[in-house]
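To start, the structure itself, in structure tokens.
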Amino acid sequence: MIFHDEDDGDAIRRMDLPPRHRLIAKQSLGIPGDDFRRQMAIKLNIDLYSDKDYVWVIDSDYLLLDFVSESDFFAQGRPIWLMRPWDNEPSLRWRKPTADVLGFDPPHQFMDRAQYVFARPVLQRIREAIPREKIFHPGMPPSEFMIYGAFAHRYTNDAYEWRFVDDAAPSLSYEVNQRPPTYAELDPHVGLSAAAGSKYCVFWSYWILSEIKMVEFLRDACAAHGIDDAGLKAHLDAELTASRDRLIERLCADREAVDADRRAKDEVIERLSREIVAINEDRSAKDELINRLVREIDVINDDREKKDHVIRVLSGGQ
């Protein structure tokens, strides 16, 4: 199953897709909310669109580097779920939102490794236990993987093989950017060799180099597997060039936007400066008026004192 935006449908249909694939436009599902919450809802209801007991849930920023099999994801007949202690600050941002949805504090971080196999019975129990409104509440959203992992760990523990991650050991997945403890290792020189021993990579889709790096990794993975396809190589080279051109265009547009924003701010500063000058000039005029009125009042008071003195004299006073 491939869930896609309607605007991308034609481009995806032109791809060499695997047999028995199914394309589903996300907009056709009628799910409310923003894109992030919409994709959460799709994943937490993925069993409604499949007749399989287990579904490997992946995103568009995954890149397969090698063949995967059931033995990569299962042990003792149960899917493997990796977790880690709450041992770093960045991942804590998911803790409270997940607790708000589930009603309990998740004991571990359940989304450190992108190895997410969802089971139909667990998804059914989540739907029974958690109203959809909790997912679509305003504010910082939780993660669907945190919700699923913490729920399964607490209520269907026997359904999974639970393992703590070992940062020093090779992993089935290699997170190119989002690695502990910072989850922000944006190394522009990272290459396929960093993922040695892993069968697929996960990129941080908001990194401006993600698209280029995905093409580079795929090109190098094909070479590593001895795939000598001139047509594929030409396609990847062209895609790499196009990705670089798009990045340059985007960066230029960003620079123009920054320059335009700077000009707009300069205009605001200039306008405010003129207004301040006008206010100061107006204040000076008001101060002069006040001083003049004070002088006139002093004259009036002095004149009143003189008149009062004349009245007292005429009245026989001193």
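Every chain in the structure tokens has a letter given in the order shown (A, B, ...), and although residue numbers restart at 1 in each chain, ligands are simply numbered from 1 in the order shown.
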Per residue of range 39-158 of chain A within 12 Å of range 222-231 of chain A, note the shortest atom pair and the distance in Å to one decimal, counting only C-alpha atoms, and order the rows by chain and increasing residue number, as a Markdown table.
```
| residue | atom | partner | partner_atom | distance |
| --- | --- | --- | --- | --- |
| A:Leu64 | CA | A:Cys222 | CA | 10.6 |
| A:Leu65 | CA | A:Cys222 | CA | 8.0 |
| A:Asp66 | CA | A:His225 | CA | 8.3 |
| A:Phe67 | CA | A:His225 | CA | 10.6 |
```
Please, could you write that set of residues out with N, CA, C and O atoms as a PDB file, in the first residue's frame?
```
ATOM      1  N   LEU A  64      15.623   1.654   0.888  1.00  0.00           N
ATOM      2  CA  LEU A  64      16.102   0.274   0.988  1.00  0.00           C
ATOM      3  C   LEU A  64      17.456   0.147   0.308  1.00  0.00           C
ATOM      4  O   LEU A  64      17.639   0.586  -0.832  1.00  0.00           O
ATOM      5  N   LEU A  65      18.396  -0.466   1.021  1.00  0.00           N
ATOM      6  CA  LEU A  65      19.745  -0.661   0.498  1.00  0.00           C
ATOM      7  C   LEU A  65      20.033  -2.123   0.188  1.00  0.00           C
ATOM      8  O   LEU A  65      21.011  -2.432  -0.495  1.00  0.00           O
ATOM      9  N   ASP A  66      19.207  -3.015   0.699  1.00  0.00           N
ATOM     10  CA  ASP A  66      19.440  -4.446   0.547  1.00  0.00           C
ATOM     11  C   ASP A  66      18.097  -5.161   0.659  1.00  0.00           C
ATOM     12  O   ASP A  66      17.080  -4.556   1.005  1.00  0.00           O
ATOM     13  N   PHE A  67      18.104  -6.446   0.383  1.00  0.00           N
ATOM     14  CA  PHE A  67      16.884  -7.237   0.509  1.00  0.00           C
ATOM     15  C   PHE A  67      16.582  -7.482   1.985  1.00  0.00           C
ATOM     16  O   PHE A  67      17.488  -7.748   2.777  1.00  0.00           O
TER      17      PHE A  67
END
```
Exercise for the section: From range 117-219 of chain A, collect each residue whose DSSP state is alpha helix (DSSP H) and return the set as a PyMOL selection string. Expected result: chain A and resi 120-129+132-135+144-155+210-219
Handout entry: Picked from range 120-195 of chain A by DSSP as strand (DSSP E), as a PyMOL selection string
Key = chain A and resi 161-164+173-175
Since we have the selection now, will you write its residues out, keeping N, CA and C atoms, as a PDB file, in the first residue's frame?
```
ATOM      1  N   GLU A 161       8.642  -9.092  20.754  1.00  0.00           N
ATOM      2  CA  GLU A 161       9.965  -9.356  21.305  1.00  0.00           C
ATOM      3  C   GLU A 161      10.593  -7.992  21.591  1.00  0.00           C
ATOM      4  N   TRP A 162      10.647  -7.614  22.867  1.00  0.00           N
ATOM      5  CA  TRP A 162      11.112  -6.282  23.250  1.00  0.00           C
ATOM      6  C   TRP A 162      12.614  -6.296  23.484  1.00  0.00           C
ATOM      7  N   ARG A 163      13.300  -5.374  22.850  1.00  0.00           N
ATOM      8  CA  ARG A 163      14.752  -5.303  22.995  1.00  0.00           C
ATOM      9  C   ARG A 163      15.189  -3.851  23.145  1.00  0.00           C
ATOM     10  N   PHE A 164      16.196  -3.644  23.996  1.00  0.00           N
ATOM     11  CA  PHE A 164      16.790  -2.321  24.100  1.00  0.00           C
ATOM     12  C   PHE A 164      17.839  -2.160  23.006  1.00  0.00           C
ATOM     13  N   SER A 173      18.181  -0.849  10.590  1.00  0.00           N
ATOM     14  CA  SER A 173      17.988   0.469   9.982  1.00  0.00           C
ATOM     15  C   SER A 173      19.093   1.408  10.434  1.00  0.00           C
ATOM     16  N   TYR A 174      19.446   2.323   9.545  1.00  0.00           N
ATOM     17  CA  TYR A 174      20.435   3.342   9.892  1.00  0.00           C
ATOM     18  C   TYR A 174      19.775   4.706   9.750  1.00  0.00           C
ATOM     19  N   GLU A 175      19.668   5.418  10.866  1.00  0.00           N
ATOM     20  CA  GLU A 175      19.093   6.760  10.844  1.00  0.00           C
ATOM     21  C   GLU A 175      20.200   7.738  10.453  1.00  0.00           C
TER      22      GLU A 175
END
```
Practice task
Rank nothing, just name the residue among A:Leu314, A:Ala150, A:Ala168, A:Leu232 nearest to Phe104 in chain A, using only C-alpha atoms.
Solution key: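 Using only C-alpha atoms, the shortest distance to Phe104 in chain A belongs to A:Ala150.
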Practice task
Skip range 50-54 of chain A itself and residues of its chain fewer than 3 positions away, then list as a ChimeraX atom specification all residues within 12 Å of it, counting only C-alpha atoms.
Solution key: /A:1-2,20-22,24,42-43,45-47,57,70,73-74,77-80,116-124,159-160
Exercise for the section: Would you please work out which residue, of A:Asp59, A:Glu211, A:Asp105, A:Asp100, is nearest to Glu239 in chain A when using only C-alpha atoms? Expected result: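 Smallest separation from Glu239 in chain A among the options: A:Glu211.
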Exercise for the section: Compile the contact shell of Gly197 in chain A as a list in words: residues with an atom at most 8 Å away, counting only C-alpha atoms, same-chain residues fewer than 5 positions apart removed. Expected result: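 Contacts, in chain order: Pro170, Ser171 and Leu172 of chain A.
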Output of the above residues as a CSV table (one decimal), in the first residue's frame, restricted to C-alpha atoms:
```csv
chain,number,residue,atom,x,y,z
A,170,PRO,CA,24.9,-2.6,13.7
A,171,SER,CA,21.2,-2.1,13.2
A,172,LEU,CA,18.8,-3.2,10.6
```
Problem - Nearest candidate to Lys233 in chain A (options A:Phe151, A:Val215, A:Gly103, A:Val190; using only C-alpha atoms) - result: A:Val215
Show me a table, sorted first by chain and then by increasing residue number, of the residues of range 88-124 of chain A having an atom at most 7 Å from range 135-144 of chain A, each with its shortest atom pair and the distance in Å to one decimal, counting only C-alpha atoms and written as CSV.
```
residue,atom,partner,partner_atom,distance
A:Trp94,CA,A:Pro142,CA,5.8
A:Pro97,CA,A:Pro142,CA,4.8
A:Thr98,CA,A:Pro142,CA,5.0
A:Val101,CA,A:Ile135,CA,7.0
```
